[in-house]
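Peer 1: My structure file upload_20.cif, mmCIF, C-alpha atoms, is below:
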```cif
data_query
loop_
_atom_site.label_atom_id
_atom_site.label_comp_id
_atom_site.auth_asym_id
_atom_site.auth_seq_id
_atom_site.Cartn_x
_atom_site.Cartn_y
_atom_site.Cartn_z
CA GLY A 15 117.47 27.14 -35.13
CA ASN A 16 115.61 30.42 -35.30
CA SER A 17 114.79 32.05 -38.61
CA VAL A 18 112.65 34.83 -40.05
CA THR A 19 111.29 34.94 -43.60
CA GLN A 20 109.96 38.12 -45.18
CA MET A 21 108.40 38.77 -48.54
CA GLU A 22 110.92 39.96 -51.04
CA GLY A 23 110.72 43.48 -52.30
CA PRO A 24 110.68 46.01 -53.53
CA VAL A 25 107.07 46.75 -52.77
CA THR A 26 105.88 49.76 -54.75
CA LEU A 27 102.66 51.48 -53.73
CA SER A 28 100.87 54.72 -54.43
CA GLU A 29 100.28 57.16 -51.61
CA GLU A 30 97.26 56.23 -49.44
CA ALA A 31 97.35 52.58 -50.52
CA PHE A 32 97.06 49.72 -48.04
CA LEU A 33 100.29 48.03 -47.04
CA THR A 34 100.96 44.45 -46.00
CA ILE A 35 104.46 43.04 -45.56
CA ASN A 36 104.42 39.35 -44.71
CA CYS A 37 106.67 37.88 -42.05
CA THR A 38 106.80 34.30 -40.80
CA TYR A 39 109.16 32.82 -38.27
CA THR A 40 110.59 29.58 -36.97
CA ALA A 41 111.58 29.44 -33.33
CA THR A 42 111.42 27.23 -30.29
CA GLY A 43 109.39 28.41 -27.36
CA TYR A 44 107.75 31.82 -27.31
CA PRO A 45 109.93 34.47 -28.92
CA SER A 46 109.33 38.20 -28.88
CA LEU A 47 108.70 39.68 -32.33
CA PHE A 48 109.72 43.04 -33.73
CA TRP A 49 109.52 45.25 -36.78
CA TYR A 50 112.38 47.63 -37.43
CA VAL A 51 112.56 50.34 -40.09
CA GLN A 52 115.68 51.62 -41.82
CA TYR A 53 115.52 54.95 -43.62
CA PRO A 54 118.19 55.72 -46.23
CA GLY A 55 121.58 56.35 -44.66
CA GLU A 56 120.40 55.61 -41.15
CA GLY A 57 120.44 52.82 -38.61
CA LEU A 58 117.52 50.61 -37.74
CA GLN A 59 114.74 52.03 -35.59
CA LEU A 60 112.33 49.95 -33.59
CA LEU A 61 108.88 50.39 -35.11
CA LEU A 62 106.78 48.06 -32.98
CA LYS A 63 106.95 44.87 -30.96
CA ALA A 64 104.86 42.08 -29.47
CA THR A 65 106.00 39.79 -26.71
CA LYS A 66 103.30 37.12 -26.55
CA ALA A 67 100.70 35.40 -28.70
CA ASP A 68 97.76 37.56 -29.84
CA ASP A 69 99.52 40.76 -28.79
CA LYS A 70 99.15 43.59 -31.29
CA GLY A 71 102.03 46.02 -31.65
CA SER A 72 101.27 49.42 -33.12
CA ASN A 73 103.07 52.67 -33.84
CA LYS A 74 102.74 55.54 -36.35
CA GLY A 75 99.74 53.87 -38.02
CA PHE A 76 101.55 50.55 -38.46
CA GLU A 77 100.22 47.39 -36.82
CA ALA A 78 101.26 43.77 -36.50
CA THR A 79 99.63 40.91 -34.58
CA TYR A 80 101.58 38.00 -33.07
CA ARG A 81 99.92 34.89 -34.51
CA LYS A 82 101.37 31.79 -32.91
CA GLU A 83 99.10 29.37 -34.79
CA THR A 84 100.44 30.59 -38.13
CA THR A 85 103.86 31.69 -36.80
CA SER A 86 103.37 35.06 -38.45
CA PHE A 87 103.78 38.74 -37.65
CA HIS A 88 102.60 40.60 -40.75
CA LEU A 89 103.05 44.36 -40.88
CA GLU A 90 100.09 46.46 -42.04
CA LYS A 91 99.25 50.11 -42.55
CA GLY A 92 95.97 51.43 -43.82
CA SER A 93 97.26 54.41 -45.78
CA VAL A 94 100.93 54.78 -46.64
CA GLN A 95 102.73 58.05 -47.20
CA VAL A 96 105.78 58.91 -49.28
CA SER A 97 107.68 59.35 -46.02
CA ASP A 98 107.13 55.65 -45.22
CA SER A 99 109.55 54.70 -48.01
CA ALA A 100 112.23 52.67 -46.27
CA VAL A 101 113.43 49.12 -45.67
CA TYR A 102 111.43 47.13 -43.12
CA PHE A 103 112.92 44.26 -41.12
CA CYS A 104 111.05 41.64 -39.17
CA ALA A 105 112.99 40.13 -36.26
CA LEU A 106 112.61 37.75 -33.36
CA SER A 107 114.28 37.37 -30.01
CA PRO A 108 114.07 34.11 -28.10
CA ASN A 109 112.91 34.61 -24.54
CA ASN A 110 115.83 32.91 -22.91
CA ALA A 111 119.30 33.93 -21.84
CA GLY A 112 120.77 36.54 -24.10
CA ASN A 113 118.98 38.99 -26.34
CA MET A 114 120.23 38.21 -29.81
CA LEU A 115 117.91 39.28 -32.59
CA THR A 116 117.44 37.19 -35.70
CA PHE A 117 116.43 39.37 -38.66
CA GLY A 118 114.62 38.66 -41.85
CA GLY A 119 116.15 39.79 -45.12
CA GLY A 120 114.32 43.11 -45.19
CA THR A 121 111.63 44.43 -47.53
CA ARG A 122 112.10 47.70 -49.37
CA LEU A 123 108.96 49.82 -49.59
CA MET A 124 108.69 52.56 -52.18
CA VAL A 125 105.70 54.89 -51.99
CA LYS A 126 104.99 57.11 -54.99
CA PRO A 127 103.01 60.35 -54.80
CA ASP B 19 119.74 60.90 -32.48
CA SER B 20 119.25 57.40 -31.08
CA GLY B 21 121.77 57.86 -28.28
CA VAL B 22 124.07 55.16 -29.65
CA THR B 23 127.18 56.73 -31.15
CA GLN B 24 129.35 55.01 -33.70
CA THR B 25 132.62 56.31 -35.10
CA PRO B 26 133.83 56.70 -37.72
CA LYS B 27 130.86 56.97 -40.07
CA HIS B 28 132.90 56.00 -43.09
CA LEU B 29 136.16 54.13 -43.44
CA ILE B 30 138.08 53.24 -46.58
CA THR B 31 141.08 50.97 -46.23
CA ALA B 32 143.16 48.50 -48.21
CA THR B 33 143.10 44.73 -48.13
CA GLY B 34 145.26 43.23 -45.41
CA GLN B 35 144.86 46.21 -43.11
CA ARG B 36 143.39 46.39 -39.62
CA VAL B 37 140.68 48.80 -38.43
CA THR B 38 138.88 49.56 -35.19
CA LEU B 39 135.25 50.59 -35.01
CA ARG B 40 133.98 52.28 -31.90
CA CYS B 41 130.57 52.31 -30.26
CA SER B 42 129.24 54.24 -27.26
CA PRO B 43 125.96 52.78 -26.02
CA ARG B 44 122.94 54.73 -24.94
CA SER B 45 123.23 56.04 -21.39
CA GLY B 46 122.23 53.33 -18.92
CA ASP B 47 122.44 50.46 -21.41
CA LEU B 48 124.68 47.59 -20.33
CA SER B 49 124.51 45.40 -23.42
CA VAL B 50 126.24 46.13 -26.70
CA TYR B 51 125.68 44.15 -29.89
CA TRP B 52 127.54 44.22 -33.18
CA TYR B 53 125.90 43.43 -36.49
CA GLN B 54 127.21 43.30 -40.04
CA GLN B 55 124.91 44.34 -42.88
CA SER B 56 125.93 43.35 -46.38
CA LEU B 57 123.99 43.03 -49.62
CA ASP B 58 124.42 39.28 -49.91
CA GLN B 59 124.22 38.25 -46.24
CA GLY B 60 121.69 40.71 -44.86
CA LEU B 61 121.94 41.56 -41.17
CA GLN B 62 124.22 39.13 -39.37
CA PHE B 63 124.73 39.10 -35.62
CA LEU B 64 128.41 39.15 -34.73
CA ILE B 65 128.80 39.40 -30.97
CA GLN B 66 127.22 40.65 -27.75
CA TYR B 67 128.80 42.07 -24.62
CA TYR B 68 127.01 42.60 -21.35
CA ASN B 69 128.62 44.79 -18.71
CA GLY B 70 132.11 44.03 -19.97
CA GLU B 71 131.73 40.31 -20.54
CA GLU B 72 131.17 38.45 -23.78
CA ARG B 73 127.63 37.07 -23.68
CA ALA B 74 126.89 35.61 -27.09
CA LYS B 75 128.72 34.98 -30.32
CA GLY B 76 127.28 34.75 -33.79
CA ASN B 77 128.84 34.52 -37.21
CA ILE B 78 131.99 36.38 -36.28
CA LEU B 79 135.16 35.53 -38.17
CA GLU B 80 138.35 34.68 -36.29
CA ARG B 81 139.93 37.77 -37.88
CA PHE B 82 137.39 39.88 -36.00
CA SER B 83 137.38 40.56 -32.28
CA ALA B 84 135.59 42.88 -29.91
CA GLN B 85 135.69 44.09 -26.36
CA GLN B 86 133.65 46.23 -23.99
CA PHE B 87 135.48 48.57 -21.67
CA PRO B 88 134.66 49.58 -18.05
CA ASP B 89 132.94 52.73 -19.30
CA LEU B 90 130.76 50.39 -21.42
CA HIS B 91 131.92 51.62 -24.81
CA SER B 92 132.84 48.86 -27.20
CA GLU B 93 135.32 48.38 -30.01
CA LEU B 94 135.17 45.98 -32.92
CA ASN B 95 138.55 45.13 -34.40
CA LEU B 96 138.74 43.82 -37.95
CA SER B 97 142.10 42.53 -39.18
CA SER B 98 143.58 41.07 -42.35
CA LEU B 99 140.76 42.77 -44.20
CA GLU B 100 139.38 41.28 -47.38
CA LEU B 101 137.21 42.81 -50.09
CA GLY B 102 134.29 40.78 -48.78
CA ASP B 103 134.46 42.54 -45.42
CA SER B 104 133.08 45.67 -47.03
CA ALA B 105 129.77 46.27 -45.29
CA LEU B 106 127.83 48.42 -42.86
CA TYR B 107 128.69 47.60 -39.28
CA PHE B 108 126.02 48.46 -36.74
CA CYS B 109 126.26 48.67 -33.02
CA ALA B 110 123.15 48.43 -30.87
CA SER B 111 122.57 48.67 -27.16
CA SER B 112 119.90 47.61 -24.71
CA VAL B 113 119.27 47.99 -21.00
CA ASP B 114 119.59 44.38 -20.03
CA ARG B 115 118.88 40.89 -21.27
CA SER B 116 115.14 41.42 -21.64
CA SER B 117 113.45 41.20 -25.01
CA TYR B 118 112.39 44.78 -25.55
CA GLY B 119 114.45 45.45 -28.61
CA TYR B 120 117.56 47.40 -29.23
CA THR B 121 118.57 50.93 -30.02
CA PHE B 122 120.81 51.02 -33.06
CA GLY B 123 123.54 53.43 -33.99
CA SER B 124 123.74 54.86 -37.49
CA GLY B 125 126.55 52.50 -38.47
CA THR B 126 130.06 52.57 -39.86
CA ARG B 127 130.38 51.99 -43.58
CA LEU B 128 133.59 50.07 -44.24
CA THR B 129 134.95 49.89 -47.76
CA VAL B 130 137.92 47.63 -48.41
CA VAL B 131 139.73 48.35 -51.67
#
```
Show the structure stored in the file as structure tokens.
Peer 2:
Amino acid sequence: GNSVTQMEGPVTLSEEAFLTINCTYTATGYPSLFWYVQYPGEGLQLLLKATKADDKGSNKGFEATYRKETTSFHLEKGSVQVSDSAVYFCALSPNNAGNMLTFGGGTRLMVKP
Amino acid sequence: DSGVTQTPKHLITATGQRVTLRCSPRSGDLSVYWYQQSLDQGLQFLIQYYNGEERAKGNILERFSAQQFPDLHSELNLSSLELGDSALYFCASSVDRSSYGYTFGSGTRLTVV
């Protein structure tokens, strides 16, 4: 079956530090990959996506590249801000009938001033 | 505001009771998904409806049921509630069955006492 594995948190960084949150997946075929962000007390928001190998998704300074050879979709940001403190979820959607998302366990990011 | 509306935001009820959670999808979206988020299980897909029909089922207990009405709003019914059903219940919607991600509501926090 499909699965997503994320690095466990919390990840604690100082403002302006470089961020990497690792995500690897197991899936048949060619899934679409996503990063969602959940701020305290809110629902999940789509941060970025990639739908095929070597695609790079980017948004708000965050980037992730779909690496089929390593089945990975690591999230990166060059300089984090306090406002980036949230829980980040990696997810995949198989490109077949239906649109069910399989989520990783989430990684909490805490950015200190 | 994501455009997906969930009510109520908070619900406290006793074991053995029955509750109904409501979701109005974003305008134009035909698919509705229900997810359960708990500390020990993470984000678990429960069920998907597409234009009034059940499309996919995940880890949904027999005590739980859902439906999507002609106006596309959806309700998740939880019965014979147990302490372990305490969780955040999210609804999400998408335009169709393509893999472009969902829009999530802000969730209903259910506490069973």
Peer 1: Should the cut-off be 8 Å, what would the residue list for chain A against chain B look like, counting all atoms listed in the file, as number ranges by chain?
Peer 2: A: 46, 48, 55-60, 63, 65, 107-109, 111-120
Peer 1: Using only C-alpha atoms, which residue out of A:Asp98, A:Tyr53, A:Leu62, A:Cys37 lies closest to Arg81 (chain A)?
Peer 2: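 Of A:Asp98, A:Tyr53, A:Leu62, A:Cys37, the one nearest Arg81 (chain A), counting only C-alpha atoms, is A:Cys37.
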Peer 1: CA of Thr25 (chain B) and CA of Leu90 (chain B), how far apart in Å?
Peer 2: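 It comes out at 15.0 Å.
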Peer 1: Report the distance between CA of Ser98 (chain B) and CA of Leu29 (chain B) in Å, rounded to one decimal place.
Peer 2: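 About the pair CA of Ser98 (chain B) and CA of Leu29 (chain B): they are 15.1 Å apart.
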Peer 1: Which one is closest to Thr23 (chain B): B:Thr129, B:Arg81, B:Ser111, B:Gly102? Count only C-alpha atoms.
Peer 2: B:Ser111
Peer 1: Suppose you want the space between CA of Trp52 (chain B) and CA of Tyr39 (chain A); what is it in Å?
Peer 2: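 Interatomic distance, CA of Trp52 (chain B) to CA of Tyr39 (chain A): 22.2 Å.
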Peer 1: Give me, as a VMD selection string, all polymer residues having an atom no more than 9 Å from Glu100 (chain B), counting all atoms listed in the file and skipping those fewer than 2 positions away in the same chain.
Peer 2: chain B and resid 32 to 35 97 to 98 102 to 104 130 to 131
Peer 1: With the file shown as input, list the residues that the PyMOL selection byres ((chain A and resi 84) around 12) selects, as a ChimeraX atom specification.
Peer 2: /A:36-40,67-68,79-83,85-88
Peer 1: For the structure shown, which residues end up in the PyMOL selection byres ((chain B and resi 37) around 9)? Put them as a list in words, please?
Peer 2: Leu29, Thr31, Gln35, Arg36, Thr38, Leu39, Leu94, Asn95, Leu96, Ser97 and Leu99 of chain B
Peer 1: To test your reading of the syntax: which residues would the PyMOL selection byres ((chain A and resi 27) around 12) return for the file shown? Reply as a list in words.
Peer 2: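 Expected selection for the PyMOL selection byres ((chain A and resi 27) around 12) here is Gly23, Pro24, Val25, Thr26, Ser28, Glu29, Glu30, Ala31, Phe32, Leu33, Thr34, Ile35, Lys91, Gly92, Ser93, Val94, Gln95, Val96, Asp98, Ser99, Arg122, Leu123, Met124, Val125, Lys126 and Pro127 of chain A.
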Peer 1: Compute the distance from (114.2, 48.7, -46.2) to each atom, counting all atoms listed in the file, keep the residues with any atom at most 6 Å away, and return them as a PDB file with C-alpha atoms, in the frame of the given file; use the coordinates of the file.
Peer 2:
```
ATOM      1  CA  GLN A  52     115.680  51.620 -41.820  1.00  0.00           C
ATOM      2  CA  ALA A 100     112.230  52.670 -46.270  1.00  0.00           C
ATOM      3  CA  VAL A 101     113.430  49.120 -45.670  1.00  0.00           C
ATOM      4  CA  TYR A 102     111.430  47.130 -43.120  1.00  0.00           C
ATOM      5  CA  GLY A 120     114.320  43.110 -45.190  1.00  0.00           C
ATOM      6  CA  THR A 121     111.630  44.430 -47.530  1.00  0.00           C
ATOM      7  CA  ARG A 122     112.100  47.700 -49.370  1.00  0.00           C
TER       8      ARG A 122
END
```
Peer 1: Would you place a box with edges along x, y and z of the file around all atoms of region 28-40 of chain A listed there, add 8 Å to each of its six sides, and report the centre and edge lengths in Å to one decimal, as AutoDock Vina command-line options?
Peer 2:
```
--center_x 103.8 --center_y 43.4 --center_z -45.7 --size_x 29.5 --size_y 43.6 --size_z 33.5
```
Peer 1: Please list as a ChimeraX atom specification every residue within 7 Å of Ala41 (chain A), counting all atoms listed in the file and excluding residues in the same chain fewer than 2 positions away.
Peer 2: /A:15-17,39,43,45
Peer 1: Select, from B:Ser42, B:Leu128, B:Lys27, B:Ser92, the residue with the minimum atom-to-atom distance to Gln54 (chain B), counting all atoms listed in the file.
Peer 2: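 Using all atoms listed in the file, Gln54 (chain B) sits closest to B:Leu128.
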